[in-house]
Structure formats: C-alpha cells, structure tokens
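entry-v1.txt, holding compact mmCIF, C-alpha atoms:
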# COMPACT_ATOMS: atom_id res chain seq x y z
CA MET G 26 -33.89 33.14 24.14
CA THR G 27 -31.31 32.67 26.87
CA THR G 28 -28.28 30.66 27.93
CA LEU G 29 -28.83 28.34 30.87
CA LEU G 30 -26.15 27.48 33.44
CA ILE G 31 -26.79 24.28 35.36
CA THR G 32 -24.60 23.29 38.30
CA HIS G 33 -24.87 22.02 41.88
CA PRO G 34 -22.77 22.14 45.07
CA ALA G 35 -22.72 18.33 45.06
CA GLY G 36 -20.00 18.65 42.46
CA PHE G 37 -17.66 19.68 45.27
CA GLY G 38 -18.51 16.53 47.27
CA HIS G 39 -16.80 14.13 44.85
CA ALA G 40 -13.50 14.03 46.76
CA MET G 41 -10.27 12.71 45.30
CA PRO G 42 -7.02 11.53 46.87
CA PRO G 43 -4.45 14.29 47.45
CA GLY G 44 -2.71 15.37 44.26
CA HIS G 45 -5.36 14.00 41.92
CA PRO G 46 -5.87 16.36 38.95
CA GLU G 47 -9.68 15.93 38.81
CA ARG G 48 -10.25 17.88 42.00
CA ALA G 49 -13.07 19.96 43.43
CA GLU G 50 -11.11 23.17 42.82
CA ARG G 51 -11.88 22.72 39.12
CA LEU G 52 -15.54 23.42 39.71
CA LYS G 53 -14.71 26.34 42.01
CA ALA G 54 -12.61 27.89 39.23
CA VAL G 55 -15.49 27.54 36.78
CA ASP G 56 -17.97 29.00 39.27
CA GLN G 57 -15.76 31.99 39.98
CA ALA G 58 -15.17 32.67 36.28
CA LEU G 59 -18.91 32.71 35.60
CA GLU G 60 -19.59 35.14 38.45
CA ALA G 61 -18.13 37.99 36.37
CA GLU G 62 -20.47 40.82 35.40
CA ARG G 63 -20.55 39.79 31.74
CA PHE G 64 -22.37 36.62 32.81
CA ALA G 65 -25.13 38.38 34.76
CA ALA G 66 -27.71 37.39 32.13
CA LEU G 67 -27.11 33.67 32.60
CA ILE G 68 -30.16 31.81 33.87
CA ARG G 69 -28.80 29.77 36.77
CA VAL G 70 -30.49 26.63 38.07
CA GLU G 71 -29.40 23.72 40.23
CA ALA G 72 -28.92 20.33 38.63
CA PRO G 73 -31.60 17.85 39.68
CA LEU G 74 -30.77 14.28 40.60
CA GLY G 75 -30.70 12.06 37.56
CA THR G 76 -32.54 8.76 37.59
CA LEU G 77 -31.44 5.20 37.05
CA GLU G 78 -33.78 5.12 34.06
CA GLN G 79 -31.84 7.98 32.49
CA VAL G 80 -28.51 6.28 33.17
CA THR G 81 -29.75 3.07 31.52
CA LEU G 82 -30.32 4.93 28.27
CA CYS G 83 -26.60 4.28 27.72
CA HIS G 84 -25.43 1.88 30.45
CA PRO G 85 -26.69 -1.55 31.54
CA ALA G 86 -28.76 -1.42 34.71
CA SER G 87 -26.54 -4.07 36.30
CA TYR G 88 -23.43 -1.92 35.77
CA ALA G 89 -25.12 1.24 37.00
CA GLN G 90 -26.52 -0.37 40.13
CA ALA G 91 -23.24 -2.11 40.95
CA LEU G 92 -21.43 1.22 40.70
CA ILE G 93 -23.95 2.93 42.95
CA ASP G 94 -23.80 0.06 45.44
CA SER G 95 -20.01 0.29 45.64
CA SER G 96 -20.13 3.80 47.10
CA PRO G 97 -17.92 3.90 50.22
CA ALA G 98 -19.15 5.11 53.61
CA SER G 99 -15.72 6.70 54.12
CA GLY G 100 -12.41 6.94 52.35
CA PHE G 101 -12.02 5.89 48.72
CA VAL G 102 -12.87 2.99 46.45
CA GLN G 103 -10.52 2.66 43.46
CA VAL G 104 -12.46 1.75 40.32
CA ASP G 105 -9.50 1.70 37.91
CA GLY G 106 -5.97 3.06 37.83
CA ASP G 107 -6.95 6.72 38.11
CA THR G 108 -10.67 6.64 38.96
CA PHE G 109 -11.82 6.81 42.58
CA MET G 110 -15.14 6.95 44.41
CA SER G 111 -15.67 8.80 47.69
CA PRO G 112 -18.86 9.10 49.78
CA GLY G 113 -20.00 12.10 47.71
CA THR G 114 -19.34 10.59 44.28
CA VAL G 115 -22.73 9.03 43.58
CA GLU G 116 -24.65 12.25 44.23
CA ALA G 117 -22.20 14.26 42.12
CA VAL G 118 -22.49 11.80 39.24
CA MET G 119 -26.26 11.63 39.43
CA ARG G 120 -26.49 15.44 39.55
CA ALA G 121 -24.30 15.53 36.43
CA VAL G 122 -26.70 13.13 34.71
CA GLY G 123 -29.68 15.12 35.93
CA GLY G 124 -28.09 18.38 34.84
CA ALA G 125 -27.42 17.07 31.34
CA THR G 126 -30.94 15.74 30.88
CA ALA G 127 -32.52 18.88 32.38
CA ALA G 128 -30.48 20.97 29.95
CA VAL G 129 -31.87 18.90 27.09
CA ASP G 130 -35.42 19.39 28.39
CA GLU G 131 -35.03 23.17 28.56
CA VAL G 132 -33.29 23.51 25.20
CA MET G 133 -35.54 21.10 23.32
CA GLY G 134 -38.56 22.67 25.01
CA GLY G 135 -37.57 26.14 23.84
CA THR G 136 -37.16 27.82 27.22
CA ALA G 137 -33.41 28.23 26.64
CA ARG G 138 -31.48 28.63 23.42
CA ASN G 139 -28.50 26.72 24.76
CA ALA G 140 -27.12 25.44 28.05
CA PHE G 141 -23.84 24.75 29.80
CA VAL G 142 -23.72 22.05 32.48
CA ALA G 143 -20.90 22.80 34.94
CA MET G 144 -20.56 19.57 36.87
CA ARG G 145 -17.87 17.08 37.74
CA PRO G 146 -16.68 14.34 37.43
CA PRO G 147 -16.42 14.26 33.62
CA GLY G 148 -18.09 11.53 31.61
CA HIS G 149 -16.79 10.94 28.10
CA HIS G 150 -14.43 8.06 28.93
CA ALA G 151 -17.25 6.00 30.49
CA GLU G 152 -18.02 3.11 28.17
CA ARG G 153 -21.25 1.11 28.23
CA ASP G 154 -20.18 -1.00 31.20
CA ARG G 155 -16.84 0.39 32.29
CA ALA G 156 -15.81 3.37 34.41
CA MET G 157 -12.40 4.79 33.54
CA GLY G 158 -10.43 8.00 33.06
CA PHE G 159 -12.10 9.80 36.01
CA CYS G 160 -15.53 9.00 34.46
CA PHE G 161 -18.44 6.87 35.71
CA PHE G 162 -21.52 7.59 33.55
CA ASN G 163 -21.38 9.25 30.13
CA HIS G 164 -23.34 12.48 30.55
CA ALA G 165 -23.03 13.66 26.94
CA ALA G 166 -24.20 10.30 25.62
CA ILE G 167 -27.11 10.22 28.06
CA ALA G 168 -28.09 13.74 26.98
CA ALA G 169 -28.17 12.63 23.34
CA ARG G 170 -30.27 9.55 24.06
CA HIS G 171 -32.62 11.58 26.28
CA ALA G 172 -33.17 14.05 23.45
CA GLN G 173 -34.16 11.15 21.21
CA LYS G 174 -36.36 9.31 23.70
CA ALA G 175 -38.07 12.22 25.44
CA HIS G 176 -38.16 14.81 22.66
CA GLY G 177 -38.18 12.85 19.40
CA ALA G 178 -34.84 14.13 18.09
CA ALA G 179 -34.05 12.05 15.02
CA ARG G 180 -30.37 12.97 14.79
CA VAL G 181 -28.03 14.22 17.50
CA ALA G 182 -24.42 15.31 16.99
CA ILE G 183 -21.87 15.13 19.81
CA VAL G 184 -18.73 17.22 19.29
CA ASP G 185 -15.85 16.56 21.67
CA TRP G 186 -12.83 18.88 21.83
CA ASP G 187 -11.36 17.49 25.05
CA VAL G 188 -7.66 16.74 24.55
CA HIS G 189 -8.34 13.08 25.35
CA HIS G 190 -10.41 11.01 22.94
CA GLY G 191 -13.91 10.20 24.18
CA ASN G 192 -13.59 6.45 23.86
CA GLY G 193 -16.73 5.94 25.92
CA THR G 194 -18.93 8.03 23.64
CA GLN G 195 -17.47 6.30 20.61
CA ASP G 196 -18.12 2.90 22.19
CA ILE G 197 -21.74 3.71 23.00
CA PHE G 198 -22.60 4.99 19.52
CA TRP G 199 -20.36 2.84 17.32
CA GLU G 200 -23.33 0.93 15.87
CA ASP G 201 -25.75 3.88 15.79
CA ALA G 202 -26.49 5.81 12.61
CA SER G 203 -28.67 8.36 14.45
CA VAL G 204 -25.83 9.90 16.52
CA LEU G 205 -22.76 11.51 14.96
CA TYR G 206 -19.72 11.59 17.24
CA ALA G 207 -16.92 13.95 16.16
CA SER G 208 -13.70 14.47 18.12
CA THR G 209 -10.50 16.45 18.00
CA HIS G 210 -7.89 15.19 20.46
CA GLU G 211 -4.18 14.67 20.91
CA MET G 212 -2.82 11.37 19.60
CA PRO G 213 -0.90 9.42 20.79
CA LEU G 214 -2.32 9.99 24.26
CA TYR G 215 -4.62 8.32 26.78
CA PRO G 216 -6.83 6.33 26.20
CA GLY G 217 -5.20 5.22 22.94
CA THR G 218 -8.30 5.33 20.74
CA GLY G 219 -9.42 7.91 18.20
CA ALA G 220 -7.53 7.19 14.99
CA ALA G 221 -8.99 8.74 11.86
CA SER G 222 -9.60 5.21 10.57
CA GLU G 223 -12.11 4.57 13.39
CA ARG G 224 -15.36 5.50 11.64
CA GLY G 225 -18.09 3.39 13.24
CA ALA G 226 -20.46 0.86 11.69
CA HIS G 227 -22.31 3.57 9.74
CA GLY G 228 -19.57 6.13 9.18
CA THR G 229 -20.93 8.35 11.94
CA ILE G 230 -17.70 8.43 13.96
CA VAL G 231 -15.43 11.31 12.89
CA ASN G 232 -11.99 11.41 14.50
CA ALA G 233 -9.59 14.24 13.72
CA PRO G 234 -6.49 13.51 15.83
CA LEU G 235 -3.87 16.20 16.41
CA ARG G 236 -0.18 15.60 17.02
CA PRO G 237 1.56 16.63 20.25
CA GLY G 238 2.65 20.25 20.05
CA GLU G 239 0.03 21.31 17.51
CA GLY G 240 -2.07 24.36 18.22
CA SER G 241 -4.64 26.81 16.94
CA ASP G 242 -3.99 26.48 13.21
CA GLU G 243 -4.16 22.70 13.19
CA PHE G 244 -7.19 22.61 15.48
CA ARG G 245 -9.14 25.04 13.34
CA GLU G 246 -8.12 23.23 10.17
CA ALA G 247 -9.36 19.94 11.63
CA PHE G 248 -12.68 21.57 12.45
CA GLU G 249 -13.04 23.21 9.05
CA ILE G 250 -12.02 20.21 6.97
CA ALA G 251 -12.97 17.10 8.94
CA ILE G 252 -15.78 18.03 11.33
CA LEU G 253 -17.94 20.95 10.20
CA PRO G 254 -18.77 19.56 6.74
CA ARG G 255 -19.83 16.26 8.31
CA LEU G 256 -22.03 18.06 10.83
CA ASP G 257 -23.61 20.12 8.08
CA ALA G 258 -24.38 17.02 6.02
CA PHE G 259 -25.74 15.18 9.09
CA ARG G 260 -28.26 17.99 9.86
CA PRO G 261 -28.55 17.39 13.61
CA ASP G 262 -31.66 18.26 15.59
CA LEU G 263 -29.45 18.97 18.61
CA VAL G 264 -25.73 19.59 19.11
CA VAL G 265 -24.15 18.28 22.32
CA ILE G 266 -20.65 19.50 23.17
CA SER G 267 -18.22 17.53 25.31
CA ALA G 268 -16.44 20.67 26.46
CA GLY G 269 -13.07 19.69 27.83
CA PHE G 270 -10.50 22.47 28.10
CA ASP G 271 -7.33 20.42 28.59
CA ALA G 272 -6.13 21.09 25.04
CA HIS G 273 -5.14 24.53 26.37
CA TRP G 274 -1.40 25.20 26.26
CA ARG G 275 -1.21 25.52 30.07
CA ASP G 276 -2.76 22.12 30.84
CA PRO G 277 -0.42 19.68 32.61
CA LEU G 278 -1.91 16.43 31.24
CA ALA G 279 -1.31 16.93 27.51
CA SER G 280 0.73 18.76 24.90
CA LEU G 281 -1.58 20.69 22.60
CA ASN G 282 -1.32 24.47 22.43
CA LEU G 283 -4.84 25.86 22.16
CA ARG G 284 -5.90 29.18 23.65
CA GLU G 285 -9.22 30.31 25.00
CA THR G 286 -9.95 32.12 21.73
CA ASP G 287 -9.93 28.75 19.98
CA PHE G 288 -12.72 27.44 22.18
CA ALA G 289 -14.76 30.59 21.53
CA TRP G 290 -14.18 30.18 17.79
CA ALA G 291 -15.21 26.51 17.83
CA THR G 292 -18.28 27.36 19.89
CA GLN G 293 -19.37 29.93 17.32
CA LYS G 294 -18.85 27.47 14.48
CA LEU G 295 -21.07 24.92 16.24
CA MET G 296 -23.64 27.63 16.93
CA ASP G 297 -23.73 28.33 13.18
CA ILE G 298 -24.44 24.64 12.51
CA ALA G 299 -27.07 24.56 15.24
CA ASP G 300 -28.71 27.72 13.89
CA LYS G 301 -28.87 26.19 10.42
CA HIS G 302 -30.23 22.77 11.34
CA ALA G 303 -31.29 22.60 14.99
CA GLY G 304 -33.06 25.83 15.82
CA GLY G 305 -29.91 26.95 17.64
CA ARG G 306 -30.17 24.10 20.17
CA ILE G 307 -26.89 23.30 21.95
CA VAL G 308 -26.24 21.48 25.22
CA SER G 309 -22.63 21.67 26.46
CA VAL G 310 -21.28 19.55 29.31
CA LEU G 311 -17.99 20.09 31.12
CA GLU G 312 -15.36 17.41 30.61
CA GLY G 313 -11.64 17.86 31.36
CA GLY G 314 -9.37 20.81 32.03
CA TYR G 315 -6.79 20.58 34.82
CA ASP G 316 -4.96 23.90 34.95
CA LEU G 317 -7.31 26.07 37.00
CA ASP G 318 -6.51 29.37 35.32
CA ALA G 319 -6.76 27.90 31.82
CA LEU G 320 -9.99 26.14 32.75
CA ALA G 321 -11.54 29.34 34.09
CA ARG G 322 -10.53 31.46 31.11
CA SER G 323 -11.54 28.84 28.56
CA THR G 324 -14.91 28.22 30.19
CA ALA G 325 -15.55 31.95 30.20
CA ALA G 326 -14.72 32.17 26.51
CA HIS G 327 -17.00 29.22 25.71
CA VAL G 328 -19.97 30.39 27.74
CA GLY G 329 -19.50 33.97 26.55
CA ALA G 330 -19.77 32.72 22.96
CA LEU G 331 -22.90 30.72 23.81
CA MET G 332 -24.43 33.90 25.22
CA GLY G 333 -23.30 36.07 22.34
CA ALA G 334 -21.54 38.21 24.95
Final structure tokens representation of the file:
Amino acid sequence: MTTLLITHPAGFGHAMPPGHPERAERLKAVDQALEAERFAALIRVEAPLGTLEQVTLCHPASYAQALIDSSPASGFVQVDGDTFMSPGTVEAVMRAVGGATAAVDEVMGGTARNAFVAMRPPGHHAERDRAMGFCFFNHAAIAARHAQKAHGAARVAIVDWDVHHGNGTQDIFWEDASVLYASTHEMPLYPGTGAASERGAHGTIVNAPLRPGEGSDEFREAFEIAILPRLDAFRPDLVVISAGFDAHWRDPLASLNLRETDFAWATQKLMDIADKHAGGRIVSVLEGGYDLDALARSTAAHVGALMGA
C-alpha cells in the first residue's frame, strides 16, 4: 500500500495580483519540498480535469457555470474582496476538483493507502453558492460526496486544521448526518464562523476554536478532547483532511504558534482513526499556508507521516 501525490502544473496558472498571499510560489514550495530523497517512494500522478457533474455534488449547477463563464480572457476578475480569477483559474480549480476525486477513487479502490492532493487555489471557504476567501469550489467537500456517490461510503469525516475556519464545508454539511466536519482554527479571525456552539442540525459539526497566541499544547489538547473521540464514535469509512498549514508560527495571516511536528502528530492521530474504522483510507487536500518555508516544512512533515517515513 502506497501514498499517492496528485498535482498538476495548471496550479501555477492561477495568477494573482502582485502581493497577494495565495500565489503560485506556494505550489512551487510544496513541489520542491516533496522532491527530497525521503519522498522517492511517492506515487506521483497528474490531476485530471474535474467535471461539472462532480462540482454539482456540492454546488448548484447555475453557480458553477456562472463562475466558469466569468473567466477573463486577460487580467483579473474580482469575485469578492480578496478572491480573484485570472485566465488560468478555471483549469486550476477544475484540476483541484479532479485531483480530489481521483484521490478518492484510488484510495477507496485500494490502489493507494492514502493520498495528498497538492493543488491551488484552496477550497474550504467556498460555500454552496458563494466563492470567498481565495476559494471557488470546495474540493474537500466534493471529495466526501464523491466517496459517498461513487463508492458507497456511508460516513465520511472531514478534519480541517487550517488556521481559518472552513465556513464553506460547514455550510455544505450543516444539515447532513452522514458527514462529520471537525475543525481547529484561530478565533476570532476570518471568516468569523466556527464557534464551539455551532454544531449542525445533527450534531455532526465539531468546532474547537483556539485563541490567538496559542500553540502546540492547546492544539493537541483540542484534538485529544474535542475531535478524536467524536471521530472514533462516528466510525468514518473515509477521512478527508483539509490540510492548511497557516497555523504555523511563521505564517503572516494569523497568530497561532504550531510547528511542523504538530502537523505530523495530528496526521498520525488521524491515521490511527482511519486504520481502526476506514481501512487506513485518508485523502488530504492542500488548503492554506502563506509563509513559503513554513508551508514547505509542514507539508513535508504531513506527507512524511502519511508515508510512514
């Protein structure tokens, strides 16, 4: 059983205005980190193009088509205060969708034990019919729905350790008892959601907010007390990780103080849950992380843990 790395050069084609933190250099940093010798055993494949049918597992067709149709021939289209489209955005987004669903196919099909999808832009802020926070379509949510529709997964857990709360994932699954969404994140911080009192219609939303300045001890305590017992009781058939690395102490967009060892630790804890309930099946998708060195080191720690390396 192997770890699969799915990426595509189209991720570099999603251009941003000068100075924007969600820049193509992020993906280059991840690529370079995973070229190290310790990652030689990774199975590397290119992300296929996702389909509109896959996108509509979580987003209305009218929203998805309107977003695709708004792609500029040159320059930028501003979708919200910090979210921009360039001529390469649609392919990058659709490759991210295709990468996430292909990862599910390989992991649920048994050809890979787990997978990491290294694509940009991120996705977890994308609500059902709203692009925001650098995000257009919600790749983690689409992966979960694809596992259910195409592979018969009864229960899917999405665990999100990005420093920003995944309001989009919470929005999509608020009424759904078959998907558990669990998040650690800094609060107060953009986008303003993610209070512990936000539990969803069926109690399958688990928010464990952290205060600005908190670090490894508080993060691990939140995992041990709030998240892991709920995952264990939920017994997921697949674990999806929204793997943002902007809770690292070096990141410029937030104020938590995690280190790369924390991401490796959390990865191993989720692997233990997946081994117990899901045949080891994990699909991880890249979300945030805006300091290039921290992103590279944290991704390496995460993927190394997935590989057992």
Can you list every residue of stretch 240-284 of chain G that has an atom at most 10 Å from stretch 214-224 of chain G, with its nearest atom pair and the distance in Å to one decimal, using all atoms listed in the file, ordered by chain then number, as CSV?
residue,atom,partner,partner_atom,distance
G:Ala251,CA,G:Ala221,CA,9.7
G:Leu278,CA,G:Leu214,CA,9.5
G:Ala279,CA,G:Leu214,CA,7.7
G:Ser280,CA,G:Leu214,CA,9.3
For G:Glu285, please output as a short mmCIF file (atom, residue, chain, number, x, y, z; two decimals) with C-alpha atoms, keeping the file's coordinate frame all residues within 9 Å (counting only C-alpha atoms; exclusion window: fewer than 5 positions along the same chain).
data_model
loop_
_atom_site.label_atom_id
_atom_site.label_comp_id
_atom_site.auth_asym_id
_atom_site.auth_seq_id
_atom_site.Cartn_x
_atom_site.Cartn_y
_atom_site.Cartn_z
CA PHE G 270 -10.50 22.47 28.10
CA HIS G 273 -5.14 24.53 26.37
CA TRP G 290 -14.18 30.18 17.79
CA ALA G 319 -6.76 27.90 31.82
CA LEU G 320 -9.99 26.14 32.75
CA ARG G 322 -10.53 31.46 31.11
CA SER G 323 -11.54 28.84 28.56
CA THR G 324 -14.91 28.22 30.19
CA ALA G 325 -15.55 31.95 30.20
CA ALA G 326 -14.72 32.17 26.51
CA HIS G 327 -17.00 29.22 25.71
#
* Neighbours of stretch 226-239 of chain G within 10 Å (all atoms listed in the file; same-chain residues fewer than 2 positions away dropped), as an NGL selection string? -> :G and (182-186 or 188-191 or 194-196 or 198-214 or 218-224 or 241-244 or 246-248 or 250-252 or 255-256 or 259 or 272 or 274 or 279-283)
Residue subset to file, keeping C-alpha atoms, as a PDB file, keeping the file's coordinate frame:
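Result file part.pdb:
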ATOM      1  CA  ALA G 182     -24.420  15.310  16.990  1.00  0.00           C
ATOM      2  CA  ILE G 183     -21.870  15.130  19.810  1.00  0.00           C
ATOM      3  CA  VAL G 184     -18.730  17.220  19.290  1.00  0.00           C
ATOM      4  CA  ASP G 185     -15.850  16.560  21.670  1.00  0.00           C
ATOM      5  CA  TRP G 186     -12.830  18.880  21.830  1.00  0.00           C
ATOM      6  CA  VAL G 188      -7.660  16.740  24.550  1.00  0.00           C
ATOM      7  CA  HIS G 189      -8.340  13.080  25.350  1.00  0.00           C
ATOM      8  CA  HIS G 190     -10.410  11.010  22.940  1.00  0.00           C
ATOM      9  CA  GLY G 191     -13.910  10.200  24.180  1.00  0.00           C
ATOM     10  CA  THR G 194     -18.930   8.030  23.640  1.00  0.00           C
ATOM     11  CA  GLN G 195     -17.470   6.300  20.610  1.00  0.00           C
ATOM     12  CA  ASP G 196     -18.120   2.900  22.190  1.00  0.00           C
ATOM     13  CA  PHE G 198     -22.600   4.990  19.520  1.00  0.00           C
ATOM     14  CA  TRP G 199     -20.360   2.840  17.320  1.00  0.00           C
ATOM     15  CA  GLU G 200     -23.330   0.930  15.870  1.00  0.00           C
ATOM     16  CA  ASP G 201     -25.750   3.880  15.790  1.00  0.00           C
ATOM     17  CA  ALA G 202     -26.490   5.810  12.610  1.00  0.00           C
ATOM     18  CA  SER G 203     -28.670   8.360  14.450  1.00  0.00           C
ATOM     19  CA  VAL G 204     -25.830   9.900  16.520  1.00  0.00           C
ATOM     20  CA  LEU G 205     -22.760  11.510  14.960  1.00  0.00           C
ATOM     21  CA  TYR G 206     -19.720  11.590  17.240  1.00  0.00           C
ATOM     22  CA  ALA G 207     -16.920  13.950  16.160  1.00  0.00           C
ATOM     23  CA  SER G 208     -13.700  14.470  18.120  1.00  0.00           C
ATOM     24  CA  THR G 209     -10.500  16.450  18.000  1.00  0.00           C
ATOM     25  CA  HIS G 210      -7.890  15.190  20.460  1.00  0.00           C
ATOM     26  CA  GLU G 211      -4.180  14.670  20.910  1.00  0.00           C
ATOM     27  CA  MET G 212      -2.820  11.370  19.600  1.00  0.00           C
ATOM     28  CA  PRO G 213      -0.900   9.420  20.790  1.00  0.00           C
ATOM     29  CA  LEU G 214      -2.320   9.990  24.260  1.00  0.00           C
ATOM     30  CA  THR G 218      -8.300   5.330  20.740  1.00  0.00           C
ATOM     31  CA  GLY G 219      -9.420   7.910  18.200  1.00  0.00           C
ATOM     32  CA  ALA G 220      -7.530   7.190  14.990  1.00  0.00           C
ATOM     33  CA  ALA G 221      -8.990   8.740  11.860  1.00  0.00           C
ATOM     34  CA  SER G 222      -9.600   5.210  10.570  1.00  0.00           C
ATOM     35  CA  GLU G 223     -12.110   4.570  13.390  1.00  0.00           C
ATOM     36  CA  ARG G 224     -15.360   5.500  11.640  1.00  0.00           C
ATOM     37  CA  SER G 241      -4.640  26.810  16.940  1.00  0.00           C
ATOM     38  CA  ASP G 242      -3.990  26.480  13.210  1.00  0.00           C
ATOM     39  CA  GLU G 243      -4.160  22.700  13.190  1.00  0.00           C
ATOM     40  CA  PHE G 244      -7.190  22.610  15.480  1.00  0.00           C
ATOM     41  CA  GLU G 246      -8.120  23.230  10.170  1.00  0.00           C
ATOM     42  CA  ALA G 247      -9.360  19.940  11.630  1.00  0.00           C
ATOM     43  CA  PHE G 248     -12.680  21.570  12.450  1.00  0.00           C
ATOM     44  CA  ILE G 250     -12.020  20.210   6.970  1.00  0.00           C
ATOM     45  CA  ALA G 251     -12.970  17.100   8.940  1.00  0.00           C
ATOM     46  CA  ILE G 252     -15.780  18.030  11.330  1.00  0.00           C
ATOM     47  CA  ARG G 255     -19.830  16.260   8.310  1.00  0.00           C
ATOM     48  CA  LEU G 256     -22.030  18.060  10.830  1.00  0.00           C
ATOM     49  CA  PHE G 259     -25.740  15.180   9.090  1.00  0.00           C
ATOM     50  CA  ALA G 272      -6.130  21.090  25.040  1.00  0.00           C
ATOM     51  CA  TRP G 274      -1.400  25.200  26.260  1.00  0.00           C
ATOM     52  CA  ALA G 279      -1.310  16.930  27.510  1.00  0.00           C
ATOM     53  CA  SER G 280       0.730  18.760  24.900  1.00  0.00           C
ATOM     54  CA  LEU G 281      -1.580  20.690  22.600  1.00  0.00           C
ATOM     55  CA  ASN G 282      -1.320  24.470  22.430  1.00  0.00           C
ATOM     56  CA  LEU G 283      -4.840  25.860  22.160  1.00  0.00           C
TER      57      LEU G 283
END
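In this comparison, which uses only C-alpha atoms, the residue of G:Gly113, G:Pro146, G:Gly333, G:Gly225 approaching G:Glu47 most closely is G:Pro146.
Residues lying at most 9 Å from (-24.1, 24.5, 14.7) in file coordinates, with only C-alpha atoms considered, are Leu253, Leu256, Asp257, Pro261, Leu263, Val264, Thr292, Gln293, Lys294, Leu295, Met296, Asp297, Ile298, Ala299, Asp300, Lys301, His302, Ala303, Gly305, Arg306 and Ile307 of chain G.
Comparing G:Ala143, G:Ala98, G:Ala89, G:Val308 by their smallest distance to G:Ala169, the closest is G:Val308 (using all atoms listed in the file).
Pairwise distance (atom CA of G:Glu78, atom CA of G:Thr126) equals 11.4 Å.
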* Considering all atoms listed in the file, return as a PyMOL selection string whatever protein or nucleic-acid residues lie within 8 Å of G:Phe161, sequence-local ones (same chain, fewer than 4 positions apart) excluded. => chain G and resi 118+146-148+150-151+155-157
Near stretch 52-62 of chain G, 12 Å: stretch 66-113 of chain G residue rows, closest pairs, only C-alpha atoms, as JSON lines:
{"residue": "G:Ala66", "atom": "CA", "partner": "G:Glu62", "partner_atom": "CA", "distance": 8.7}
{"residue": "G:Leu67", "atom": "CA", "partner": "G:Leu59", "partner_atom": "CA", "distance": 8.8}
{"residue": "G:Ile68", "atom": "CA", "partner": "G:Leu59", "partner_atom": "CA", "distance": 11.4}
{"residue": "G:Arg69", "atom": "CA", "partner": "G:Leu59", "partner_atom": "CA", "distance": 10.4}
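The two atoms in question, atom CA of G:His39 and atom CA of G:Thr114, are spaced 4.4 Å apart.
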Six-sided padding of 8 Å per side, axis-aligned box over stretch 231-239 of chain G, centre and edges in Å, one decimal, as JSON:
{"center_x": -6.4, "center_y": 16.3, "center_z": 16.6, "size_x": 34.1, "size_y": 26.0, "size_z": 23.4}
Assuming the input is short of atoms at stretch 87-98 of chain G, produce N, CA, C and O atoms for that part as a JSON list (two decimals), keeping the file's coordinate frame.
[["chain", "number", "residue", "atom", "x", "y", "z"],
["G", 87, "SER", "N", -27.39, -3.31, 35.37],
["G", 87, "SER", "CA", -26.54, -4.07, 36.30],
["G", 87, "SER", "C", -25.25, -3.32, 36.59],
["G", 87, "SER", "O", -24.79, -3.26, 37.75],
["G", 88, "TYR", "N", -24.65, -2.72, 35.57],
["G", 88, "TYR", "CA", -23.43, -1.92, 35.77],
["G", 88, "TYR", "C", -23.73, -0.70, 36.61],
["G", 88, "TYR", "O", -23.00, -0.39, 37.57],
["G", 89, "ALA", "N", -24.79, 0.02, 36.27],
["G", 89, "ALA", "CA", -25.12, 1.24, 37.00],
["G", 89, "ALA", "C", -25.40, 0.96, 38.47],
["G", 89, "ALA", "O", -24.89, 1.66, 39.35],
["G", 90, "GLN", "N", -26.18, -0.08, 38.74],
["G", 90, "GLN", "CA", -26.52, -0.37, 40.13],
["G", 90, "GLN", "C", -25.30, -0.84, 40.91],
["G", 90, "GLN", "O", -25.12, -0.48, 42.08],
["G", 91, "ALA", "N", -24.45, -1.64, 40.28],
["G", 91, "ALA", "CA", -23.24, -2.11, 40.95],
["G", 91, "ALA", "C", -22.33, -0.93, 41.32],
["G", 91, "ALA", "O", -21.72, -0.90, 42.39],
["G", 92, "LEU", "N", -22.25, 0.05, 40.42],
["G", 92, "LEU", "CA", -21.43, 1.22, 40.70],
["G", 92, "LEU", "C", -22.01, 2.01, 41.87],
["G", 92, "LEU", "O", -21.29, 2.41, 42.79],
["G", 93, "ILE", "N", -23.30, 2.21, 41.86],
["G", 93, "ILE", "CA", -23.95, 2.93, 42.95],
["G", 93, "ILE", "C", -23.76, 2.18, 44.27],
["G", 93, "ILE", "O", -23.46, 2.79, 45.31],
["G", 94, "ASP", "N", -23.91, 0.87, 44.21],
["G", 94, "ASP", "CA", -23.80, 0.06, 45.44],
["G", 94, "ASP", "C", -22.38, 0.03, 46.00],
["G", 94, "ASP", "O", -22.19, -0.28, 47.19],
["G", 95, "SER", "N", -21.40, 0.34, 45.18],
["G", 95, "SER", "CA", -20.01, 0.29, 45.64],
["G", 95, "SER", "C", -19.56, 1.59, 46.31],
["G", 95, "SER", "O", -18.40, 1.71, 46.69],
["G", 96, "SER", "N", -20.47, 2.53, 46.46],
["G", 96, "SER", "CA", -20.13, 3.80, 47.10],
["G", 96, "SER", "C", -19.62, 3.57, 48.52],
["G", 96, "SER", "O", -20.27, 2.88, 49.32],
["G", 97, "PRO", "N", -18.46, 4.13, 48.87],
["G", 97, "PRO", "CA", -17.92, 3.90, 50.22],
["G", 97, "PRO", "C", -18.59, 4.79, 51.27],
["G", 97, "PRO", "O", -19.04, 5.90, 50.98],
["G", 98, "ALA", "N", -18.65, 4.30, 52.48],
["G", 98, "ALA", "CA", -19.15, 5.11, 53.61],
["G", 98, "ALA", "C", -18.09, 6.11, 54.07],
["G", 98, "ALA", "O", -18.42, 7.15, 54.64]]
